[in-house]
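Worksheet: the structure to be examined is printed underneath.
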Protein chains: 4
Amino acid sequence: MSPNRGNPQAITAADTSPAPREALADRYISVRRLSEALCRPLMPDDYGLQAMPDVSPVKWHLAHTSWFFETFLLKPFLTGYLPFHPQYEHLFNSYYEQVGTPFPRPQRGLLSRPTTEEIYRYRAQIDEAMATLLSSIDPPRLAQVATRVELGCQHEQQHQELLLTDIKYNFSINPLKPAYRTDLPNPMGDLATPLEWVEQPGDVQEIGHDGTGFAFDNESPRHRLLLATFALGSRLITNGEYLEFIEAGGYQRPEYWLADGWRGAREKSWQAPLYWEMDHGRWQVFTLAGMRALNEQEPVCHVSFYEADAYARWAGKRLPSEAEWEVLASRQTIRGNLRENGYLHPLPASEEKPAQLYGDVWEWTRCPYVPYPGYRPAAGALGEYNGKFMVNQLVLRGGSCVTPADHVRASYRNFFYPADRWQFTGIRLAVDR
Amino acid sequence: MSPNRGNPQAITAADTSPAPREALADRYISVRRLSEALCRPLMPDDYGLQAMPDVSPVKWHLAHTSWFFETFLLKPFLTGYLPFHPQYEHLFNSYYEQVGTPFPRPQRGLLSRPTTEEIYRYRAQIDEAMATLLSSIDPPRLAQVATRVELGCQHEQQHQELLLTDIKYNFSINPLKPAYRTDLPNPMGDLATPLEWVEQPGDVQEIGHDGTGFAFDNESPRHRLLLATFALGSRLITNGEYLEFIEAGGYQRPEYWLADGWRGAREKSWQAPLYWEMDHGRWQVFTLAGMRALNEQEPVCHVSFYEADAYARWAGKRLPSEAEWEVLASRQTIRGNLRENGYLHPLPASEEKPAQLYGDVWEWTRCPYVPYPGYRPAAGALGEYNGKFMVNQLVLRGGSCVTPADHVRASYRNFFYPADRWQFTGIRLAVDR
Amino acid sequence: MSPNRGNPQAITAADTSPAPREALADRYISVRRLSEALCRPLMPDDYGLQAMPDVSPVKWHLAHTSWFFETFLLKPFLTGYLPFHPQYEHLFNSYYEQVGTPFPRPQRGLLSRPTTEEIYRYRAQIDEAMATLLSSIDPPRLAQVATRVELGCQHEQQHQELLLTDIKYNFSINPLKPAYRTDLPNPMGDLATPLEWVEQPGDVQEIGHDGTGFAFDNESPRHRLLLATFALGSRLITNGEYLEFIEAGGYQRPEYWLADGWRGAREKSWQAPLYWEMDHGRWQVFTLAGMRALNEQEPVCHVSFYEADAYARWAGKRLPSEAEWEVLASRQTIRGNLRENGYLHPLPASEEKPAQLYGDVWEWTRCPYVPYPGYRPAAGALGEYNGKFMVNQLVLRGGSCVTPADHVRASYRNFFYPADRWQFTGIRLAVDR
Amino acid sequence: MSPNRGNPQAITAADTSPAPREALADRYISVRRLSEALCRPLMPDDYGLQAMPDVSPVKWHLAHTSWFFETFLLKPFLTGYLPFHPQYEHLFNSYYEQVGTPFPRPQRGLLSRPTTEEIYRYRAQIDEAMATLLSSIDPPRLAQVATRVELGCQHEQQHQELLLTDIKYNFSINPLKPAYRTDLPNPMGDLATPLEWVEQPGDVQEIGHDGTGFAFDNESPRHRLLLATFALGSRLITNGEYLEFIEAGGYQRPEYWLADGWRGAREKSWQAPLYWEMDHGRWQVFTLAGMRALNEQEPVCHVSFYEADAYARWAGKRLPSEAEWEVLASRQTIRGNLRENGYLHPLPASEEKPAQLYGDVWEWTRCPYVPYPGYRPAAGALGEYNGKFMVNQLVLRGGSCVTPADHVRASYRNFFYPADRWQFTGIRLAVDR
């Protein structure tokens with residue numbers, strides 16, 4: 001996923017029966033409104049923050065998602081459309097090199113202009129023009145437009161998730177430890193279920209998107225592969241379990257770590273997951289509701305792949321492959337502690353087995369992010385970079401507590417660098433049988 | 001000066017007849033109001049910008065100057081005063097290590113909280129409490145309070161100048177090249193006077209503050225020294241003259257440069273002063289009014305000491321010493337293109353000889369910033385760091401077009417690092433006779 | 001196999017009939033002598049060079065390979081053995097954290113002591129003690145010793161290859177462009193064969209080491225997997241073909257590059273493979289025999305994975321997977337332009353189809369270096385880090401013109417980071433059918 | 001004098017009666033032989049070491065000093081002289097930009113070729129050609145040649161000192177802690193004399209070279225200046241006294257430090273002078289004879305200006321100005337613990353008052369390195385950069401235990417950056433009266 005780095009890509013073939021115009025316009029406007037609703041708890045000062053190069057300012061997210069609709073829908077499809085501002089192409093293009101030179105990512109936080117107020121006007125113009133487009137587009141081009149609108153909506157949903165992860169990071173470095181929202185529920189008291197193993201005998205399996213509904217191109221083609229017998233952990237690893245690793249010297253013992261991870265962990269002095277702070281002998285964690293006492297029953301969150309992998313080695317297990325995860329996840333209905341749940345924070349595991357496949361935290365797999373066999377990028381700017389992120393990153397699965405429920409699915413492949421920690425990322429174990 | 005790095009320090013001895021309470025309160029409130037007036041052209045988005053570690057966000061300037069009054073006046077002198085916020089000590093202390101640990105300077109731009117709105121409330125509380133203090137302080141302590149109030153006002157004036165230089169830099173890196181004010185006058189057409197030489201025979205001279213009125217401690221003690229015969233340029237070097245240096249290959253020829261300057265200029269690819277941009281074969285300069293065509297009659301501005309020194313060597317001259325400058329400047333009335341002039345940009349030279357000693361641009365001298373013979377720092381936190389910046393920097397003299405007229409004087413010693421360019425800094429030549 | 005980063009690991013199970021003592025001693029001494037023979041063309045000044053952190057000084061290679069025998073054979077198996085020097089453990093351990101703290105890799109070139117002469121004495125003591133060990137070891141332990149001796153020999157062979165690649169790099173940055181040997185043959189005139197495609201229908205295949213003879217543990221376990229129909233290029237890509245990519249703007253067009261590769265190539269200003277230099281309009285390449293004119297018929301060499309991948313995309317093809325390569329390579333006898341050939345430089349392709357699978361250059365595959373399904377690291381220090389390099393690197397196959405012929409095989413997995421260029425690395429294409 | 005950064009420059013005017021040819025040839029050859037004698041304790045492996053950018057390899061010193069004679073004497077004055085190698089200009093020029101582009105300083109240690117053996121042959125050719133030149137030069141040009149020969153000898157003496165300081169640093173980072181010489185005397189048991197104050201009433205004084213004998217151009221012109229009353233410490237500060245500063249928390253208390261020094265000391269984690277190591281609760285120091293127990297009676301050595309200045313502030317004193325030092329030193333005969341003394345390490349103070357002005361350690365003054373009033377650089381390449389180092393550095397006075405006795409004098413101005421510690425640098429205090 002990683003829409004700020006990666007590239008969402010629609011499967012265009014499947015859409016033989018385009019949604020009616022009204023449904024399309026509804027879908028569009030509901031996604032757009034949600035982006036703005038997510039900003040409501042913010043103060044004007046918060047919109048421009050960029051506390052590290054990996055995150056983007058809130059106002060940049062708001063503008064970039066609008067630029068996407070302007071560039072890939074309004075300019076090519078709406079006759080007479082005039083761009084809102086000639087320089088927005090440069091300022092709000094993230095990485096499409098065929099569409100001009102992007103503004104340097106690490107400096108996005110240095111642009112006070114255009115102002116947030118102007119960006120909201122930009123959004124309003126885009127929304128108005130999109131309404132015109134959707135009501136006026138001629139039937140022969142409706143299918144193509146509908147596909148792109150859905151792609152734009154999915155793209156904006158990805159940025160909604162990033163907006164929340166980025167705000168969390170941006171606030172975390174402030175000594176005042178501001179809360180994004182002070183009214184988030186905090187269900188202390190639930191216990192995580194015991195960790196068990198869900199067995200799966202070896203066999204030929206099929207993974208990848210089956211063509212029903214929307215998917216990004218990196219989920220295709222669906223293909224068969226041979227899986228050996230394995231078992232998957234019945235739930236995510238908890239803070240309490242991860243504490244045992246810390247207390248066993250996990251961050252001091254190189255034998256548990258990949259060499260690159262060990263070197264990085266030493267350089268950055270990692271001693272615990274991101275957002276953990278020791279305060280008078282008790283662990284506290286920074287959340288979107290501000291600082292909270294660590295809840296040992298919750299899934300551990302904000303760990304890098306290196307930490308997840310080291311934990312697994314210490315535990316005598318391993319991380320699952322993406323295929324192993326998908327085979328089991330594809331048998332479940334998509335439900336869990338996703339964004340609509342309203343916690344914006346992981347919760348202790350329920351009774352389902354395996355539990356927590358969807359929501360709570362993105363689960364690191366052991367699989368480098370590479371193309372599926374036979375994968376081919378699409379033509380043109382939209383497809384320019386389909387594969388351009390397929391090196392050096394690892395696949396994550398399942399969505400998190402800040403992922404929209406209608407955005408994730410069994411075949412969804414998210415990807416981040418092995419040292420990244422600011423996403424809601426956690427650990428599920430697997431084991432060979 | 002460099003109040004964000006340096007340390008203003010009052011001469012406490014001279015104040016035997018403290019200003020009446022009313023005059024003091026007027027002085028205080030007029031300085032404070034001016035800081036806020038300078039912010040009026042800004043948008044809410046602009047207050048948090050910090051485009052390089054050397055500059056500070058506007059909101060930081062507004063808060064830090066208030067923190068100064070809170071720390072050195074309200075806390076020690078106003079009975080029952082309660083600080084506005086317990087963490088402001090940490091956030092808005094710039095460098096007084098005896099008063100807690102300062103927040104890391106390069107990250108000031110990463111604090112969206114406290115909000116600008118809250119900082120204005122902070123200012124209002126400080127102003128109200130200061131009014132109470134000034135009307136209620138018992139006579140025995142009034143002199144000391146008056147001295148500190150004046151120091152706080154001088155300190156705030158320094159930050160007013162920085163606020164403008166920092167805004168200029170922060171806006172300059174934005175591709176939209178926003179103007180701080182679009183209504184600044186731009187008097188094209190005036191010609192600079194011819195460059196002549198003002199002769200001064202060698203003799204014993206006296207420099208340093210004479211004890212009349214306010215001064216910072218680095219201007220003391222007044223002392224005698226022997227000056228050889230010299231002549232001082234009758235005006236500042238112009239853009240047109242500096243262009244000749246550029247066109248003579250000044251930036252390509254190491255023989256004109258100090259070794260450290262040459263290395264830095266190559267690493268940073270300097271080819272002209274800061275804010276110069278070549279556009280279709282014509283030089284443009286970024287100003288507080290946005291981009292303008294280069295005016296060859298104006299003094300060159302935003303050059304480093306290295307460039308000033310290289311220019312002087314190319315011209316077969318040298319930069320003046322601070323004593324040479326002060327000897328001639330002390331004979332003039334303080335007037336010139338200072339902030340009250342309203343241009344916020346240097347202007348061509350008038351007929352006075354030497355012209356432009358005050359205002360337009362700070363003039364690089366050849367003198368490292370070191371203590372005067374017999375200099376002694378004051379006691380306590382206010383004097384903690386009187387001398388702590390007296391290494392690696394060069395002295396500048398005379399004030400600039402963004403310096404308040406009542407803030408500068410013949411003995412005033414400003415100081416910056418030799419590679420610094422974002423201040424309004426320029427070149428006056430001198431020559432041995 | 002990156003022995004300076006990776007970890008060779010013997011398969012211990014297979015050795016049921018240990019080689020006779022004499023054969024073992026012969027094997028040992030012939031490998032050891034070859035390391036020293038490779039150093040004969042060097043001057044004393046050359047032994048300590050380390051021109052970048054990735055390479056090691058020649059004297060370090062000579063000492064580290066000896067340390068391996070001392071640590072894993074002499075100390076545990078030779079009664080009464082006294083280490084040559086108590087600090088060599090620290091100085092010449094490369095990465096075995098269980099065996100003390102390694103000396104920082106980037107500073108290996110800063111150790112003038114122990115001297116080269118002392119390191120040769122160290123080698124002599126090790127060789128003498130090893131002779132004693134091999135002639136005196138009791139039969140019950142001979143099998144284990146034999147396995148470790150073979151592992152040590154394989155390890156030393158890896159360092160022989162590195163010694164040559166590192167010398168090449170170390171010499172390349174010297175403006176005098178010294179030759180390692182001036183007497184290397186340079187067979188100009190041969191033409192590369194035309195590029196054709198060797199077809200392979202899709203099927204279940206088996207890859208991994210079959211247990212016959214020595215292998216590193218990362219080649220196991222042998223396992224089955226499903227391969228789709230594909231075709232493999234009949235030979236390596238030549239300098240001439242790569243020149244077409246350069247001349248088509250390959251280094252200026254982001255659409256051919258992975259995003260990480262594009263960013264790195266811009267930062268390092270890559271315009272051609274490593275060691276290419278334009279001299280008066282003609283490409284020259286640095287070789288172990290000094291500078292030579294570029295031979296367009298030779299395989300392109302010293303390209304990173306990013307360049308190999310970009311070339312493939314430009315050519316409308318892709319890089320092969322490691323399984324695809326192994327399936328075809330396992331049908332061939334191991335022969336080719338390997339070290340014993342004496343060129344120490346790639347040669348134009350012969351008639352075999354596919355040609356050049358072994359020797360000439362290591363071939364970048366598209367496969368991240370990850371464990372095979374069911375891979376398990378061994379116990380103890382030797383196996384401490386079996387998997388510790390299995391992230392962020394790509395698999396290369398086939399050996400190069402500086403690889404010993406008895407060191408490579410169809411299942412051999414070498415691995416380097418995608419930006420690495422100082423190894424003899426090149427390009428073979430593949431295509432889906 | 002920092003010859004690797006600074007520029008030695010002869011005063012040419014004074015030489016009206018040139019030394020006879022024989023004396024000149026003797027002077028030349030005795031200096032040249034001493035350079036080689038200093039290398040005799042080294043192993044071949046030691047010649048190429050460069051453990052940080054500030055130091056140069058021994059072989060580079062040997063070649064660069066020869067290049068100086070080749071460039072400024074043999075090429076212009078010896079008819080028919082053929083340079084030893086066309087690339088040596090590039091490789092062994094240190095900073096004379098008018099004489100071609102210098103090879104990057106930080107990479108000098110990466111050149112194994114030319115070999116040390118070749119550089120000794122280079123020296124031999126230069127020496128032979130110089131002998132020819134000195135015996136054959138026509139009388140009209142003898143004076144100019146004699147001046148340049150003396151300059152070349154002084155230059156080589158500077159590099160002799162650097163050669164020793166650089167070897168010390170290069171060896172210090174080796175865990176084996178090699179000794180340059182194991183036979184250096186170590187006179188434990190002597191006590192430093194008590195610290196007293198040598199008073200000097202204020203008056204007009206004259207400093208700078210008086211024209212008798214050789215001097216570098218930065219010592220001129222001799223000029224008058226006004227000095228206030230002061231007192232100079234009767235000896236250098238000892239290790240024991242410096243330990244008190246350490247134990248009083250000197251490295252933890254910002255109030256004693258210049259701001260730039262404090263920041264640097266924190267970044268580099270300074271806790272003691274360079275080369276001090278705590279071993280089981282006892283301080284050890286690295287010397288040219290290897291590790292020794294700290295002798296509290298010896299002068300503290302290898303401190304930066306920042307540490308010297310912080311110590312002085314902690315002690316309630318200050319560092320002397322260069323004029324104060326020179327006024328008292330010019331009354332003494334030049335003698336002390338200089339290189340010929342054979343200790344190559346500072347010694348406890350003798351009875352003289354002030355003691356230790358010459359030798360032991362270079363004494364940091366409070367004076368930035370700037371031109372004397374009226375200073376003018378010479379013409380041509382030799383004078384190209386007379387002033388180019390006159391920024392950012394501080395003046396040191398008096399020579400050290402590795403300075404040749406006939407190389408130092410009262411007017412000699414050495415200069416280094418305030419953070420430099422690898423020279424033999426120490427502390428003498430002064431105080432205002």
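How things are named: the first chain in the structure tokens is A, the next is B, and so on; residues count from 1 in each chain; ligands count from 1 in the order shown.
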Fill in: chain A contacts to chain B at 6 Å (only C-alpha atoms) as a PyMOL selection string
chain A and resi 45-46+51+110-112+115+174
Expected file contents, prior selection, N, CA and C atoms, as a short mmCIF file (atom, residue, chain, number, x, y, z; two decimals), in the first residue's frame:
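Okay, part15.cif is ready:
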```cif
data_model
loop_
_atom_site.label_atom_id
_atom_site.label_comp_id
_atom_site.auth_asym_id
_atom_site.auth_seq_id
_atom_site.Cartn_x
_atom_site.Cartn_y
_atom_site.Cartn_z
N ASP A 45 -2.61 25.04 13.43
CA ASP A 45 -1.15 24.86 13.50
C ASP A 45 -0.70 23.46 13.13
N ASP A 46 -1.61 22.48 13.24
CA ASP A 46 -1.21 21.09 13.05
C ASP A 46 -1.08 20.68 11.58
N ALA A 51 7.35 15.86 10.89
CA ALA A 51 8.41 15.66 11.89
C ALA A 51 9.50 14.71 11.44
N LEU A 110 7.82 22.49 4.86
CA LEU A 110 8.36 23.84 4.82
C LEU A 110 7.52 24.78 3.97
N LEU A 111 6.39 24.31 3.49
CA LEU A 111 5.54 25.13 2.64
C LEU A 111 4.34 25.64 3.44
N SER A 112 4.39 26.90 3.82
CA SER A 112 3.22 27.45 4.51
C SER A 112 2.16 27.88 3.51
N THR A 115 -2.00 28.01 1.77
CA THR A 115 -2.50 27.83 3.13
C THR A 115 -3.52 26.70 3.18
N ASN A 174 6.49 16.04 20.30
CA ASN A 174 6.21 17.26 21.07
C ASN A 174 6.22 16.94 22.56
#
```
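Between atom CA of Trp257 of chain B and atom CA of Gly202 of chain B the interatomic distance comes to 28.4 Å.
Of note, atom CA of Gly240 of chain A and atom CA of Val300 of chain A are spaced 8.1 Å apart.
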Discussion item. At a cut-off of 12 Å, using only C-alpha atoms, what residues contact Gln284 of chain D? Leave out same-chain residues fewer than 2 positions from it and give the result as a ChimeraX atom specification.
Written reply: /D:177,239,272-282,286-287,290-296
Discussion item. Write out as a list in words the set of residues from segment 149-230 of chain C that DSSP, computed on the backbone, places in alpha helix (DSSP H).
Written reply: Val149, Glu150, Leu151, Gly152, Cys153, Gln154, His155, Glu156, Gln157, Gln158, His159, Gln160, Glu161, Leu162, Leu163, Leu164, Thr165, Asp166, Ile167, Lys168, Tyr169, Asn170, Phe171 and Ser172 of chain C
Those same residues - N, CA and C atoms - I'd like them written as a compact mmCIF listing (two decimals), in the first residue's frame.
```txt
# COMPACT_ATOMS: atom_id res chain seq x y z
N VAL C 149 37.45 -28.64 7.99
CA VAL C 149 38.56 -28.25 7.11
C VAL C 149 38.01 -27.87 5.74
N GLU C 150 37.09 -28.66 5.23
CA GLU C 150 36.53 -28.33 3.93
C GLU C 150 35.79 -26.99 4.01
N LEU C 151 35.08 -26.78 5.09
CA LEU C 151 34.40 -25.49 5.27
C LEU C 151 35.41 -24.35 5.29
N GLY C 152 36.51 -24.55 6.02
CA GLY C 152 37.55 -23.52 6.07
C GLY C 152 38.16 -23.26 4.70
N CYS C 153 38.31 -24.33 3.92
CA CYS C 153 38.87 -24.16 2.57
C CYS C 153 37.89 -23.41 1.67
N GLN C 154 36.65 -23.77 1.75
CA GLN C 154 35.63 -23.06 0.97
C GLN C 154 35.58 -21.59 1.39
N HIS C 155 35.65 -21.35 2.67
CA HIS C 155 35.66 -20.00 3.20
C HIS C 155 36.87 -19.23 2.65
N GLU C 156 38.01 -19.87 2.64
CA GLU C 156 39.21 -19.19 2.14
C GLU C 156 39.10 -18.92 0.64
N GLN C 157 38.47 -19.82 -0.07
CA GLN C 157 38.27 -19.58 -1.51
C GLN C 157 37.38 -18.36 -1.76
N GLN C 158 36.38 -18.22 -0.91
CA GLN C 158 35.54 -17.02 -1.04
C GLN C 158 36.38 -15.77 -0.84
N HIS C 159 37.28 -15.83 0.14
CA HIS C 159 38.11 -14.66 0.39
C HIS C 159 39.14 -14.46 -0.71
N GLN C 160 39.51 -15.51 -1.40
CA GLN C 160 40.40 -15.33 -2.56
C GLN C 160 39.69 -14.50 -3.63
N GLU C 161 38.42 -14.80 -3.84
CA GLU C 161 37.68 -14.00 -4.82
C GLU C 161 37.55 -12.55 -4.35
N LEU C 162 37.24 -12.39 -3.07
CA LEU C 162 37.11 -11.02 -2.55
C LEU C 162 38.44 -10.28 -2.62
N LEU C 163 39.50 -10.98 -2.34
CA LEU C 163 40.82 -10.35 -2.39
C LEU C 163 41.03 -9.72 -3.76
N LEU C 164 40.64 -10.41 -4.82
CA LEU C 164 40.82 -9.86 -6.17
C LEU C 164 39.84 -8.71 -6.45
N THR C 165 38.59 -8.87 -6.04
CA THR C 165 37.64 -7.78 -6.29
C THR C 165 38.01 -6.55 -5.46
N ASP C 166 38.52 -6.79 -4.27
CA ASP C 166 38.87 -5.66 -3.41
C ASP C 166 40.13 -4.95 -3.91
N ILE C 167 41.11 -5.70 -4.36
CA ILE C 167 42.30 -5.07 -4.95
C ILE C 167 41.89 -4.21 -6.13
N LYS C 168 41.03 -4.76 -6.95
CA LYS C 168 40.60 -4.00 -8.12
C LYS C 168 40.00 -2.66 -7.70
N TYR C 169 39.12 -2.71 -6.71
CA TYR C 169 38.52 -1.45 -6.27
C TYR C 169 39.57 -0.53 -5.66
N ASN C 170 40.39 -1.07 -4.80
CA ASN C 170 41.39 -0.25 -4.11
C ASN C 170 42.33 0.45 -5.11
N PHE C 171 42.68 -0.24 -6.16
CA PHE C 171 43.57 0.36 -7.15
C PHE C 171 42.82 1.37 -8.03
N SER C 172 41.53 1.15 -8.20
CA SER C 172 40.79 1.97 -9.17
C SER C 172 40.73 3.43 -8.78
```
Discussion item. Write out as JSON, numbers by chain the set of residues from segment 63-307 of chain B that DSSP, computed on the backbone, places in strand (DSSP E).
Written reply: {"B": [197, 198, 199, 200, 203, 204, 205, 206, 207, 223, 224, 225, 226, 227, 230, 231, 232, 233, 276, 277, 278, 279, 282, 283, 284, 285, 286, 287, 290, 291, 292, 293]}
Export, as a PDB file, in the first residue's frame, the selected residues with C-alpha atoms.
```pdb
ATOM      1  CA  TRP B 197      37.499  57.433   0.315  1.00  0.00           C
ATOM      2  CA  VAL B 198      37.157  59.095   3.671  1.00  0.00           C
ATOM      3  CA  GLU B 199      40.646  59.525   5.136  1.00  0.00           C
ATOM      4  CA  GLN B 200      41.527  59.080   8.790  1.00  0.00           C
ATOM      5  CA  ASP B 203      46.251  57.972  16.228  1.00  0.00           C
ATOM      6  CA  VAL B 204      45.251  56.593  19.588  1.00  0.00           C
ATOM      7  CA  GLN B 205      41.492  56.216  19.622  1.00  0.00           C
ATOM      8  CA  GLU B 206      38.912  55.164  22.116  1.00  0.00           C
ATOM      9  CA  ILE B 207      36.092  52.733  21.379  1.00  0.00           C
ATOM     10  CA  HIS B 223      39.191  51.342  25.968  1.00  0.00           C
ATOM     11  CA  ARG B 224      41.971  52.983  24.021  1.00  0.00           C
ATOM     12  CA  LEU B 225      43.809  51.457  21.099  1.00  0.00           C
ATOM     13  CA  LEU B 226      46.231  52.573  18.413  1.00  0.00           C
ATOM     14  CA  LEU B 227      44.865  52.884  14.872  1.00  0.00           C
ATOM     15  CA  PHE B 230      43.369  54.342   6.890  1.00  0.00           C
ATOM     16  CA  ALA B 231      40.546  55.359   4.612  1.00  0.00           C
ATOM     17  CA  LEU B 232      36.990  54.106   4.649  1.00  0.00           C
ATOM     18  CA  GLY B 233      34.774  53.696   1.594  1.00  0.00           C
ATOM     19  CA  TRP B 276      19.732  35.930  -6.350  1.00  0.00           C
ATOM     20  CA  GLU B 277      18.155  33.850  -9.096  1.00  0.00           C
ATOM     21  CA  MET B 278      18.938  33.956 -12.796  1.00  0.00           C
ATOM     22  CA  ASP B 279      15.753  33.989 -14.848  1.00  0.00           C
ATOM     23  CA  ARG B 282      18.380  38.409 -15.938  1.00  0.00           C
ATOM     24  CA  TRP B 283      19.117  38.435 -12.242  1.00  0.00           C
ATOM     25  CA  GLN B 284      16.135  38.521  -9.930  1.00  0.00           C
ATOM     26  CA  VAL B 285      16.248  38.878  -6.165  1.00  0.00           C
ATOM     27  CA  PHE B 286      13.857  37.620  -3.568  1.00  0.00           C
ATOM     28  CA  THR B 287      12.691  40.348  -1.185  1.00  0.00           C
ATOM     29  CA  GLY B 290       8.499  38.857  -3.408  1.00  0.00           C
ATOM     30  CA  MET B 291      10.702  38.586  -6.495  1.00  0.00           C
ATOM     31  CA  ARG B 292      12.097  41.783  -8.001  1.00  0.00           C
ATOM     32  CA  ALA B 293      14.528  42.583 -10.796  1.00  0.00           C
TER      33      ALA B 293
END
```
Worksheet item: Near Asn337 of chain A, within 8 Å and counting only C-alpha atoms, which residues show up once chain neighbours fewer than 3 positions away are dropped, as a count of residues only?
Response: 11
Item to complete: Do a neighbour search on segment 188-193 of chain D at 6 Å with only C-alpha atoms, toss out local chain neighbours closer than 6 positions, and write the hits as a list in words.
Response: Gln297, Pro348 and Ala349 of chain D
Worksheet entry | Close residues, Lys75 of chain B itself excluded, 12 Å, only C-alpha atoms, min 6 positions apart in chain, as a VMD selection string | chain B and resid 67 to 69 81 to 84 89 126 129 to 130 133 145
Can you spit out the residues from that selection as a short mmCIF file (atom, residue, chain, number, x, y, z; two decimals), in the first residue's frame, using N, CA and C atoms?
```cif
data_model
loop_
_atom_site.label_atom_id
_atom_site.label_comp_id
_atom_site.auth_asym_id
_atom_site.auth_seq_id
_atom_site.Cartn_x
_atom_site.Cartn_y
_atom_site.Cartn_z
N TRP B 67 8.69 34.78 27.34
CA TRP B 67 9.35 33.96 28.36
C TRP B 67 10.44 34.76 29.07
N PHE B 68 11.12 35.61 28.32
CA PHE B 68 12.18 36.42 28.90
C PHE B 68 11.62 37.32 30.01
N PHE B 69 10.52 38.00 29.74
CA PHE B 69 9.90 38.86 30.77
C PHE B 69 9.37 38.02 31.93
N TYR B 81 3.01 35.57 41.33
CA TYR B 81 2.84 35.29 39.90
C TYR B 81 2.89 33.79 39.63
N LEU B 82 1.92 33.30 38.86
CA LEU B 82 1.90 31.89 38.48
C LEU B 82 2.26 31.78 37.00
N PRO B 83 3.25 30.95 36.71
CA PRO B 83 3.64 30.81 35.29
C PRO B 83 2.47 30.35 34.44
N PHE B 84 2.47 30.77 33.20
CA PHE B 84 1.39 30.44 32.28
C PHE B 84 1.32 28.94 32.02
N GLU B 89 9.07 26.90 30.10
CA GLU B 89 10.48 27.04 30.45
C GLU B 89 11.35 26.22 29.49
N ILE B 126 1.26 37.90 29.99
CA ILE B 126 2.52 38.53 30.37
C ILE B 126 2.33 40.05 30.40
N ALA B 129 0.36 41.10 33.42
CA ALA B 129 1.13 40.97 34.65
C ALA B 129 2.24 42.01 34.70
N MET B 130 2.82 42.33 33.56
CA MET B 130 3.86 43.36 33.53
C MET B 130 3.28 44.72 33.91
N LEU B 133 2.98 44.71 37.55
CA LEU B 133 4.31 44.84 38.15
C LEU B 133 4.79 46.29 38.11
N VAL B 145 14.25 46.82 38.28
CA VAL B 145 13.20 46.41 37.34
C VAL B 145 13.29 47.20 36.05
#
```
